[in-house]
file model-v5.cif (mmCIF, N, CA and C atoms and all ligand atoms)
data_entry
#
loop_
_atom_site.label_atom_id
_atom_site.label_comp_id
_atom_site.auth_asym_id
_atom_site.auth_seq_id
_atom_site.Cartn_x
_atom_site.Cartn_y
_atom_site.Cartn_z
N MET A 141 139.17 6.78 1.67
CA MET A 141 138.04 6.93 2.61
C MET A 141 136.81 7.39 1.84
N SER A 142 135.68 6.76 2.13
CA SER A 142 134.48 7.14 1.39
C SER A 142 133.96 8.47 1.88
N LYS A 143 133.11 9.07 1.08
CA LYS A 143 132.52 10.34 1.39
C LYS A 143 131.72 10.23 2.70
N ARG A 144 131.04 9.10 2.84
CA ARG A 144 130.20 8.91 4.03
C ARG A 144 131.03 8.96 5.30
N CYS A 145 132.21 8.27 5.28
CA CYS A 145 133.06 8.23 6.47
C CYS A 145 133.51 9.63 6.82
N LYS A 146 133.89 10.41 5.79
CA LYS A 146 134.40 11.75 6.01
C LYS A 146 133.34 12.60 6.69
N VAL A 147 132.12 12.47 6.17
CA VAL A 147 131.02 13.25 6.76
C VAL A 147 130.87 12.89 8.22
N LYS A 148 130.96 11.60 8.52
CA LYS A 148 130.79 11.14 9.89
C LYS A 148 131.88 11.75 10.80
N LEU A 149 133.12 11.73 10.31
CA LEU A 149 134.22 12.25 11.11
C LEU A 149 134.09 13.76 11.29
N ASP A 150 133.66 14.44 10.20
CA ASP A 150 133.52 15.88 10.27
C ASP A 150 132.40 16.29 11.24
N CYS A 151 131.50 15.35 11.51
CA CYS A 151 130.40 15.67 12.40
C CYS A 151 130.84 15.63 13.87
N GLY A 152 132.12 15.38 14.10
CA GLY A 152 132.62 15.43 15.47
C GLY A 152 132.46 14.13 16.23
N GLY A 153 132.30 13.02 15.47
CA GLY A 153 132.16 11.73 16.13
C GLY A 153 133.40 11.39 16.94
N LYS A 154 133.22 10.75 18.08
CA LYS A 154 134.36 10.36 18.91
C LYS A 154 134.52 8.85 18.85
N PRO A 155 135.78 8.38 18.93
CA PRO A 155 136.00 6.95 18.93
C PRO A 155 135.39 6.31 20.17
N PRO A 156 135.04 5.02 20.19
CA PRO A 156 135.19 4.14 19.03
C PRO A 156 134.10 4.38 17.99
N TYR A 157 134.52 4.49 16.71
CA TYR A 157 133.57 4.69 15.64
C TYR A 157 132.80 3.40 15.39
N VAL A 158 131.52 3.52 15.18
CA VAL A 158 130.72 2.34 14.86
C VAL A 158 130.79 2.15 13.35
N PRO A 159 131.35 1.01 12.88
CA PRO A 159 131.45 0.82 11.43
C PRO A 159 130.08 0.60 10.82
N PHE A 160 129.94 0.98 9.58
CA PHE A 160 128.70 0.73 8.87
C PHE A 160 128.48 -0.78 8.73
N GLU A 161 127.23 -1.17 8.84
CA GLU A 161 126.90 -2.59 8.66
C GLU A 161 127.12 -2.97 7.20
N LYS A 162 127.82 -4.09 7.00
CA LYS A 162 128.07 -4.57 5.64
C LYS A 162 127.04 -5.61 5.26
N LEU A 163 126.81 -5.71 3.97
CA LEU A 163 125.85 -6.68 3.46
C LEU A 163 126.58 -7.99 3.12
N THR A 164 126.20 -9.08 3.80
CA THR A 164 126.90 -10.34 3.54
C THR A 164 125.97 -11.51 3.25
N THR A 165 124.74 -11.45 3.68
CA THR A 165 123.87 -12.63 3.49
C THR A 165 122.62 -12.29 2.68
N GLU A 166 122.04 -13.33 2.10
CA GLU A 166 120.82 -13.16 1.33
C GLU A 166 119.68 -12.68 2.24
N ARG A 167 119.60 -13.25 3.44
CA ARG A 167 118.54 -12.85 4.38
C ARG A 167 118.63 -11.35 4.69
N GLN A 168 119.86 -10.92 4.95
CA GLN A 168 120.09 -9.50 5.23
C GLN A 168 119.65 -8.63 4.04
N ALA A 169 120.01 -9.07 2.83
CA ALA A 169 119.65 -8.32 1.63
C ALA A 169 118.13 -8.18 1.53
N LEU A 170 117.43 -9.26 1.82
CA LEU A 170 115.97 -9.22 1.72
C LEU A 170 115.36 -8.38 2.83
N GLU A 171 115.95 -8.43 4.01
CA GLU A 171 115.43 -7.60 5.12
C GLU A 171 115.65 -6.12 4.83
N TRP A 172 116.82 -5.79 4.32
CA TRP A 172 117.07 -4.38 3.95
C TRP A 172 116.10 -3.96 2.84
N THR A 173 115.91 -4.85 1.86
CA THR A 173 115.03 -4.54 0.74
C THR A 173 113.60 -4.31 1.24
N ARG A 174 113.14 -5.17 2.12
CA ARG A 174 111.80 -5.02 2.71
C ARG A 174 111.68 -3.65 3.40
N ASP A 175 112.65 -3.32 4.22
CA ASP A 175 112.57 -2.08 4.99
C ASP A 175 112.71 -0.85 4.10
N LEU A 176 113.60 -0.95 3.11
CA LEU A 176 113.78 0.15 2.15
C LEU A 176 112.47 0.46 1.42
N TRP A 177 111.83 -0.61 0.90
CA TRP A 177 110.63 -0.39 0.09
C TRP A 177 109.40 -0.09 0.93
N ASP A 178 109.37 -0.58 2.17
CA ASP A 178 108.29 -0.16 3.09
C ASP A 178 108.38 1.35 3.31
N TRP A 179 109.61 1.83 3.47
CA TRP A 179 109.81 3.27 3.69
C TRP A 179 109.43 4.06 2.43
N LEU A 180 109.80 3.54 1.26
CA LEU A 180 109.46 4.23 0.01
C LEU A 180 107.95 4.22 -0.24
N ALA A 181 107.27 3.18 0.26
CA ALA A 181 105.81 3.14 0.14
C ALA A 181 105.19 4.28 0.95
N GLU A 182 105.81 4.59 2.09
CA GLU A 182 105.33 5.68 2.95
C GLU A 182 105.82 7.03 2.46
N ASN A 183 106.89 7.02 1.68
CA ASN A 183 107.51 8.27 1.21
C ASN A 183 107.72 8.22 -0.30
N PRO A 184 106.62 8.17 -1.07
CA PRO A 184 106.74 7.92 -2.52
C PRO A 184 107.45 9.02 -3.30
N THR A 185 107.62 10.19 -2.72
CA THR A 185 108.33 11.24 -3.46
C THR A 185 109.84 11.09 -3.32
N LYS A 186 110.28 10.17 -2.46
CA LYS A 186 111.72 10.01 -2.19
C LYS A 186 112.35 8.97 -3.10
N GLU A 187 113.69 9.05 -3.19
CA GLU A 187 114.49 8.08 -3.95
C GLU A 187 115.04 7.02 -3.00
N LYS A 188 115.52 5.92 -3.56
CA LYS A 188 116.10 4.84 -2.74
C LYS A 188 117.25 5.35 -1.86
N GLY A 189 118.04 6.26 -2.44
CA GLY A 189 119.20 6.77 -1.72
C GLY A 189 118.85 7.62 -0.51
N HIS A 190 117.60 8.04 -0.40
CA HIS A 190 117.18 8.86 0.74
C HIS A 190 116.81 8.03 1.96
N TRP A 191 116.73 6.71 1.82
CA TRP A 191 116.31 5.84 2.93
C TRP A 191 117.19 6.09 4.16
N PRO A 192 116.58 6.40 5.32
CA PRO A 192 117.38 6.64 6.53
C PRO A 192 118.20 5.42 6.94
N GLY A 193 117.81 4.24 6.50
CA GLY A 193 118.56 3.02 6.82
C GLY A 193 120.00 3.06 6.34
N TRP A 194 120.28 3.86 5.32
CA TRP A 194 121.67 3.94 4.81
C TRP A 194 122.60 4.61 5.81
N LYS A 195 122.04 5.33 6.78
CA LYS A 195 122.89 6.03 7.75
C LYS A 195 123.74 5.07 8.57
N THR A 196 123.28 3.82 8.68
CA THR A 196 124.03 2.85 9.48
C THR A 196 124.53 1.68 8.64
N ARG A 197 124.34 1.77 7.32
CA ARG A 197 124.70 0.66 6.44
C ARG A 197 125.61 1.12 5.31
N VAL A 198 126.40 0.17 4.80
CA VAL A 198 127.22 0.45 3.62
C VAL A 198 126.27 0.60 2.43
N MET A 199 126.44 1.70 1.67
CA MET A 199 125.62 1.93 0.48
C MET A 199 125.84 0.79 -0.52
N GLN A 200 124.83 0.49 -1.30
CA GLN A 200 124.88 -0.63 -2.24
C GLN A 200 124.77 -0.14 -3.69
N PRO A 201 125.26 -0.94 -4.64
CA PRO A 201 125.14 -0.52 -6.05
C PRO A 201 123.67 -0.29 -6.40
N ALA A 202 123.42 0.78 -7.12
CA ALA A 202 122.05 1.17 -7.50
C ALA A 202 121.17 1.40 -6.27
N ASP A 203 121.79 1.64 -5.13
CA ASP A 203 121.06 1.80 -3.86
C ASP A 203 120.12 0.63 -3.63
N CYS A 204 120.56 -0.56 -4.02
CA CYS A 204 119.68 -1.74 -3.96
C CYS A 204 120.40 -2.89 -3.25
N PRO A 205 119.87 -3.33 -2.10
CA PRO A 205 120.51 -4.44 -1.39
C PRO A 205 120.54 -5.74 -2.20
N CYS A 206 119.57 -5.94 -3.08
CA CYS A 206 119.60 -7.17 -3.89
C CYS A 206 120.72 -7.12 -4.93
N CYS A 207 120.91 -5.96 -5.57
CA CYS A 207 122.05 -5.79 -6.47
C CYS A 207 123.35 -5.98 -5.68
N GLY A 208 123.37 -5.48 -4.45
CA GLY A 208 124.55 -5.61 -3.61
C GLY A 208 124.85 -7.05 -3.29
N PHE A 209 123.82 -7.82 -2.96
CA PHE A 209 124.06 -9.23 -2.66
C PHE A 209 124.52 -9.98 -3.89
N ASP A 210 123.98 -9.63 -5.04
CA ASP A 210 124.41 -10.28 -6.29
C ASP A 210 125.92 -10.08 -6.47
N GLU A 211 126.41 -8.89 -6.15
CA GLU A 211 127.86 -8.63 -6.23
C GLU A 211 128.63 -9.46 -5.21
N VAL A 212 128.10 -9.56 -3.99
CA VAL A 212 128.74 -10.38 -2.96
C VAL A 212 128.86 -11.83 -3.45
N ALA A 213 127.77 -12.34 -4.03
CA ALA A 213 127.74 -13.73 -4.46
C ALA A 213 128.70 -13.99 -5.62
N ARG A 214 128.90 -12.96 -6.46
CA ARG A 214 129.80 -13.14 -7.62
C ARG A 214 131.26 -12.98 -7.23
N ARG A 215 131.52 -12.37 -6.11
CA ARG A 215 132.89 -12.18 -5.63
C ARG A 215 133.81 -11.64 -6.73
N SER A 216 133.32 -10.64 -7.43
CA SER A 216 134.10 -9.96 -8.49
C SER A 216 134.49 -10.87 -9.65
N ASP A 217 133.87 -12.07 -9.74
CA ASP A 217 134.17 -12.96 -10.87
C ASP A 217 133.37 -12.50 -12.08
N GLU A 218 134.09 -11.98 -13.08
CA GLU A 218 133.43 -11.43 -14.26
C GLU A 218 132.72 -12.50 -15.09
N ASN A 219 133.10 -13.76 -14.86
CA ASN A 219 132.50 -14.83 -15.65
C ASN A 219 131.15 -15.30 -15.09
N VAL A 220 130.85 -14.86 -13.90
CA VAL A 220 129.57 -15.24 -13.32
C VAL A 220 128.52 -14.24 -13.78
N LEU A 221 127.41 -14.76 -14.24
CA LEU A 221 126.38 -13.93 -14.84
C LEU A 221 125.82 -12.88 -13.87
N SER A 222 125.79 -11.63 -14.33
CA SER A 222 125.21 -10.57 -13.52
C SER A 222 123.73 -10.85 -13.25
N CYS A 223 123.30 -10.55 -12.05
CA CYS A 223 121.90 -10.67 -11.61
C CYS A 223 121.49 -12.14 -11.39
N GLY A 224 122.38 -13.08 -11.62
CA GLY A 224 122.05 -14.49 -11.43
C GLY A 224 121.79 -14.85 -9.98
N SER A 225 122.30 -14.03 -9.04
CA SER A 225 122.08 -14.30 -7.62
C SER A 225 121.19 -13.26 -6.97
N CYS A 226 120.44 -12.51 -7.77
CA CYS A 226 119.49 -11.55 -7.20
C CYS A 226 118.51 -12.32 -6.32
N PRO A 227 118.39 -11.95 -5.05
CA PRO A 227 117.49 -12.70 -4.15
C PRO A 227 116.02 -12.65 -4.58
N LEU A 228 115.67 -11.74 -5.47
CA LEU A 228 114.28 -11.65 -5.93
C LEU A 228 114.10 -12.22 -7.33
N LEU A 229 115.15 -12.85 -7.86
CA LEU A 229 115.13 -13.26 -9.27
C LEU A 229 113.88 -14.05 -9.66
N LYS A 230 113.52 -15.03 -8.82
CA LYS A 230 112.38 -15.89 -9.17
C LYS A 230 111.04 -15.17 -9.08
N LEU A 231 111.05 -14.02 -8.43
CA LEU A 231 109.78 -13.32 -8.20
C LEU A 231 109.51 -12.18 -9.17
N TRP A 232 110.48 -11.88 -10.04
CA TRP A 232 110.24 -10.84 -11.02
C TRP A 232 109.26 -11.34 -12.08
N GLY A 233 108.70 -10.44 -12.82
CA GLY A 233 107.71 -10.82 -13.83
C GLY A 233 108.33 -11.62 -14.95
N ASN A 234 107.48 -12.18 -15.81
CA ASN A 234 107.95 -13.01 -16.90
C ASN A 234 107.98 -12.30 -18.25
N ALA A 235 107.66 -11.03 -18.23
CA ALA A 235 107.60 -10.31 -19.50
C ALA A 235 108.98 -10.29 -20.16
N LYS A 236 108.97 -10.11 -21.47
CA LYS A 236 110.24 -10.09 -22.20
C LYS A 236 111.09 -8.91 -21.79
N LEU A 237 112.37 -9.16 -21.75
CA LEU A 237 113.31 -8.10 -21.41
C LEU A 237 113.85 -7.52 -22.70
N PHE A 238 113.84 -6.21 -22.80
CA PHE A 238 114.35 -5.58 -24.01
C PHE A 238 115.80 -5.97 -24.24
N GLY A 239 116.10 -6.40 -25.43
CA GLY A 239 117.48 -6.65 -25.81
C GLY A 239 118.13 -7.85 -25.17
N ALA A 240 117.36 -8.71 -24.52
CA ALA A 240 117.95 -9.89 -23.89
C ALA A 240 117.02 -11.08 -24.04
N LYS A 241 117.57 -12.25 -23.94
CA LYS A 241 116.75 -13.45 -23.99
C LYS A 241 115.84 -13.48 -22.77
N PRO A 242 114.61 -13.93 -22.94
CA PRO A 242 113.67 -13.92 -21.82
C PRO A 242 114.19 -14.68 -20.60
N GLU A 243 114.99 -15.72 -20.84
CA GLU A 243 115.47 -16.53 -19.71
C GLU A 243 116.69 -15.93 -19.02
N SER A 244 117.24 -14.86 -19.61
CA SER A 244 118.41 -14.23 -19.00
C SER A 244 118.03 -13.58 -17.68
N PRO A 245 118.85 -13.80 -16.64
CA PRO A 245 118.54 -13.12 -15.37
C PRO A 245 118.94 -11.66 -15.37
N PHE A 246 119.71 -11.24 -16.39
CA PHE A 246 120.27 -9.89 -16.37
C PHE A 246 119.17 -8.83 -16.34
N LEU A 247 119.18 -7.99 -15.35
CA LEU A 247 118.22 -6.91 -15.18
C LEU A 247 116.77 -7.39 -15.23
N ALA A 248 116.52 -8.55 -14.63
CA ALA A 248 115.16 -9.06 -14.59
C ALA A 248 114.22 -8.08 -13.88
N CYS A 249 114.79 -7.29 -12.97
CA CYS A 249 113.97 -6.30 -12.24
C CYS A 249 113.43 -5.24 -13.18
N CYS A 250 114.04 -5.11 -14.35
CA CYS A 250 113.64 -4.04 -15.27
C CYS A 250 112.73 -4.52 -16.39
N ARG A 251 112.22 -5.76 -16.28
CA ARG A 251 111.24 -6.20 -17.27
C ARG A 251 110.00 -5.35 -17.11
N ASP A 252 109.31 -5.17 -18.23
CA ASP A 252 108.29 -4.11 -18.22
C ASP A 252 107.10 -4.36 -17.30
N SER A 253 106.94 -5.58 -16.82
CA SER A 253 105.81 -5.83 -15.92
C SER A 253 106.21 -5.72 -14.46
N SER A 254 107.48 -5.43 -14.19
CA SER A 254 107.93 -5.50 -12.80
C SER A 254 107.44 -4.31 -11.98
N PRO A 255 107.21 -4.54 -10.68
CA PRO A 255 106.80 -3.41 -9.83
C PRO A 255 107.88 -2.34 -9.75
N PHE A 256 109.13 -2.72 -9.99
CA PHE A 256 110.19 -1.72 -9.98
C PHE A 256 109.99 -0.72 -11.12
N ILE A 257 109.68 -1.22 -12.30
CA ILE A 257 109.43 -0.33 -13.45
C ILE A 257 108.16 0.48 -13.22
N LYS A 258 107.15 -0.16 -12.61
CA LYS A 258 105.91 0.59 -12.31
C LYS A 258 106.21 1.73 -11.34
N TRP A 259 107.09 1.46 -10.37
CA TRP A 259 107.48 2.51 -9.41
C TRP A 259 108.19 3.65 -10.14
N LYS A 260 109.15 3.28 -11.01
CA LYS A 260 109.91 4.31 -11.74
C LYS A 260 108.99 5.15 -12.63
N ASP A 261 108.11 4.46 -13.37
CA ASP A 261 107.19 5.17 -14.28
C ASP A 261 106.26 6.09 -13.50
N ALA A 262 105.72 5.59 -12.39
CA ALA A 262 104.79 6.38 -11.59
C ALA A 262 105.49 7.63 -11.04
N ARG A 263 106.73 7.46 -10.62
CA ARG A 263 107.48 8.60 -10.10
C ARG A 263 107.73 9.63 -11.21
N TYR A 264 108.08 9.11 -12.39
CA TYR A 264 108.35 10.00 -13.52
C TYR A 264 107.13 10.85 -13.84
N GLU A 265 105.96 10.23 -13.69
CA GLU A 265 104.71 10.94 -13.99
C GLU A 265 104.14 11.64 -12.75
N ALA A 266 104.89 11.64 -11.65
CA ALA A 266 104.46 12.24 -10.38
C ALA A 266 103.14 11.67 -9.89
N LYS A 267 102.92 10.38 -10.14
CA LYS A 267 101.73 9.69 -9.62
C LYS A 267 102.12 9.02 -8.31
N TRP A 268 102.06 9.80 -7.24
CA TRP A 268 102.63 9.33 -5.97
C TRP A 268 101.86 8.18 -5.36
N GLY A 269 100.55 8.15 -5.57
CA GLY A 269 99.77 7.02 -5.05
C GLY A 269 100.20 5.72 -5.69
N ALA A 270 100.35 5.75 -7.01
CA ALA A 270 100.78 4.55 -7.75
C ALA A 270 102.21 4.16 -7.38
N ALA A 271 103.05 5.17 -7.17
CA ALA A 271 104.44 4.89 -6.78
C ALA A 271 104.47 4.19 -5.42
N GLY A 272 103.66 4.68 -4.49
CA GLY A 272 103.59 4.06 -3.16
C GLY A 272 103.12 2.62 -3.24
N LYS A 273 102.12 2.38 -4.08
CA LYS A 273 101.59 1.01 -4.22
C LYS A 273 102.65 0.07 -4.80
N ALA A 274 103.37 0.54 -5.82
CA ALA A 274 104.41 -0.29 -6.43
C ALA A 274 105.52 -0.56 -5.43
N ALA A 275 105.86 0.44 -4.61
CA ALA A 275 106.90 0.27 -3.60
C ALA A 275 106.45 -0.79 -2.59
N LYS A 276 105.18 -0.75 -2.20
CA LYS A 276 104.67 -1.74 -1.24
C LYS A 276 104.76 -3.15 -1.84
N LYS A 277 104.49 -3.26 -3.15
CA LYS A 277 104.60 -4.55 -3.81
C LYS A 277 106.02 -5.10 -3.71
N LEU A 278 107.00 -4.21 -3.89
CA LEU A 278 108.39 -4.63 -3.80
C LEU A 278 108.73 -5.08 -2.38
N ALA A 279 108.23 -4.35 -1.39
CA ALA A 279 108.46 -4.76 0.00
C ALA A 279 107.85 -6.14 0.25
N ASN A 280 106.68 -6.35 -0.31
CA ASN A 280 106.01 -7.64 -0.12
C ASN A 280 106.70 -8.78 -0.88
N LEU A 281 107.32 -8.46 -2.02
CA LEU A 281 108.12 -9.47 -2.72
C LEU A 281 109.27 -9.93 -1.82
N ALA A 282 109.88 -8.96 -1.14
CA ALA A 282 110.98 -9.31 -0.23
C ALA A 282 110.46 -10.17 0.92
N ARG A 283 109.27 -9.86 1.44
CA ARG A 283 108.68 -10.69 2.51
C ARG A 283 108.46 -12.12 2.02
N LYS A 284 107.94 -12.22 0.80
CA LYS A 284 107.68 -13.55 0.23
C LYS A 284 108.98 -14.34 0.09
N ALA A 285 110.01 -13.66 -0.41
CA ALA A 285 111.30 -14.32 -0.60
C ALA A 285 111.91 -14.72 0.76
N LEU A 286 111.69 -13.90 1.77
CA LEU A 286 112.22 -14.21 3.12
C LEU A 286 111.59 -15.49 3.66
N LYS A 287 110.31 -15.67 3.39
CA LYS A 287 109.63 -16.89 3.87
C LYS A 287 110.18 -18.14 3.19
N ALA A 288 110.74 -17.95 1.98
CA ALA A 288 111.20 -19.09 1.19
C ALA A 288 112.63 -19.51 1.52
N ILE A 289 113.35 -18.73 2.36
CA ILE A 289 114.73 -19.14 2.65
C ILE A 289 114.87 -19.63 4.10
ZN ZN B 301 118.71 -4.49 -7.51
#
call {"tool": "encode", "arguments": {"input": "model-v5.cif", "output": "structure tokens"}}
result
Amino acid sequence: MSKRCKVKLDCGGKPPYVPFEKLTTERQALEWTRDLWDWLAENPTKEKGHWPGWKTRVMQPADCPCCGFDEVARRSDENVLSCGSCPLLKLWGNAKLFGAKPESPFLACCRDSSPFIKWKDARYEAKWGAAGKAAKKLANLARKALKAI
């Protein structure tokens, strides 16, 4: 039993328990991503894991619905390239990725021009305005990707 379930039961919940929503589709991943980053844009001092949306959803690897969908798409097949099914893959920047071929999809979100890295850097430097702006960019990337599917 996960920690989350235990907390829920300890809170005195009565049956029927409402199961956490699972992530199964690309559209869902992008909608969660949009809502997560919209919230982070409004709450730039917070981390992804603080998003209230997790209260009703299954937590995702790296607290990221796109990473979660990539796992769903790979179905635990180790031979399928990591990050190859990231719903935002085509929208990440084109800058070179440290230690990887530029065309590799692996950790494309972490290329140095990406709004994700800008968000991380801004948070590290406690530049909350910049962090909020980068978060909004990520939410808008998800909106753009939603229009394309
Ligand atoms: Zn991710």
call {"tool": "residues_near_ligand", "arguments": {"input": "model-v5.cif", "ligand": "ligand ZN 301 (chain B)", "cutoff": "7 Å", "atoms": "all atoms listed in the file", "output": "ChimeraX atom specification"}}
result
/A:201-208,249
call {"tool": "atom_distance", "arguments": {"input": "model-v5.cif", "atom1": "atom C of Thr164 (chain A)", "atom2": "atom N of Arg215 (chain A)"}}
result
10.9 Å
call {"tool": "residues_around", "arguments": {"input": "model-v5.cif", "residues": "Leu247 (chain A)", "least_positions_apart": "3", "cutoff": "7 Å", "atoms": "only N, CA and C atoms", "output": "NGL selection string"}}
result
:A and (222-223 or 244 or 250-251)
call {"tool": "closest_residue", "arguments": {"input": "model-v5.cif", "among": "A:Ala285, A:Asp175, A:Glu187, A:Lys162", "to": "Phe209 (chain A)", "atoms": "only C-alpha atoms"}}
result
A:Lys162
call {"tool": "closest_residue", "arguments": {"input": "model-v5.cif", "among": "A:Asp210, A:Leu170, A:Ala181, A:Phe160", "to": "Trp194 (chain A)", "atoms": "all atoms listed in the file"}}
result
A:Phe160
call {"tool": "residues_around", "arguments": {"input": "model-v5.cif", "residues": "Trp191 (chain A)", "least_positions_apart": "5", "cutoff": "8 Å", "atoms": "all atoms listed in the file", "output": "ChimeraX atom specification"}}
result
/A:175-176,179-180,186,196
call {"tool": "atom_distance", "arguments": {"input": "model-v5.cif", "atom1": "CA of Ala271 (chain A)", "atom2": "atom C of Lys195 (chain A)"}}
result
24.7 Å
call {"tool": "closest_residue", "arguments": {"input": "model-v5.cif", "among": "A:Arg174, A:Tyr157, A:Asp217, A:Arg263", "to": "Arg283 (chain A)", "atoms": "all atoms listed in the file"}}
result
A:Arg174
call {"tool": "atom_distance", "arguments": {"input": "model-v5.cif", "atom1": "atom N of Ala266 (chain A)", "atom2": "atom N of Leu228 (chain A)"}}
result
26.5 Å
call {"tool": "closest_residue", "arguments": {"input": "model-v5.cif", "among": "A:Leu286, A:Leu163, A:Ala169, A:Met199", "to": "Cys226 (chain A)", "atoms": "only C-alpha atoms"}}
result
A:Ala169
call {"tool": "closest_residue", "arguments": {"input": "model-v5.cif", "among": "A:Gly224, A:Pro192, A:Pro184, A:Glu166", "to": "Ala262 (chain A)", "atoms": "only C-alpha atoms"}}
result
A:Pro184
call {"tool": "closest_residue", "arguments": {"input": "model-v5.cif", "among": "A:Lys188, A:Arg197, A:Lys276, A:Lys230", "to": "Glu161 (chain A)", "atoms": "only C-alpha atoms"}}
result
A:Arg197
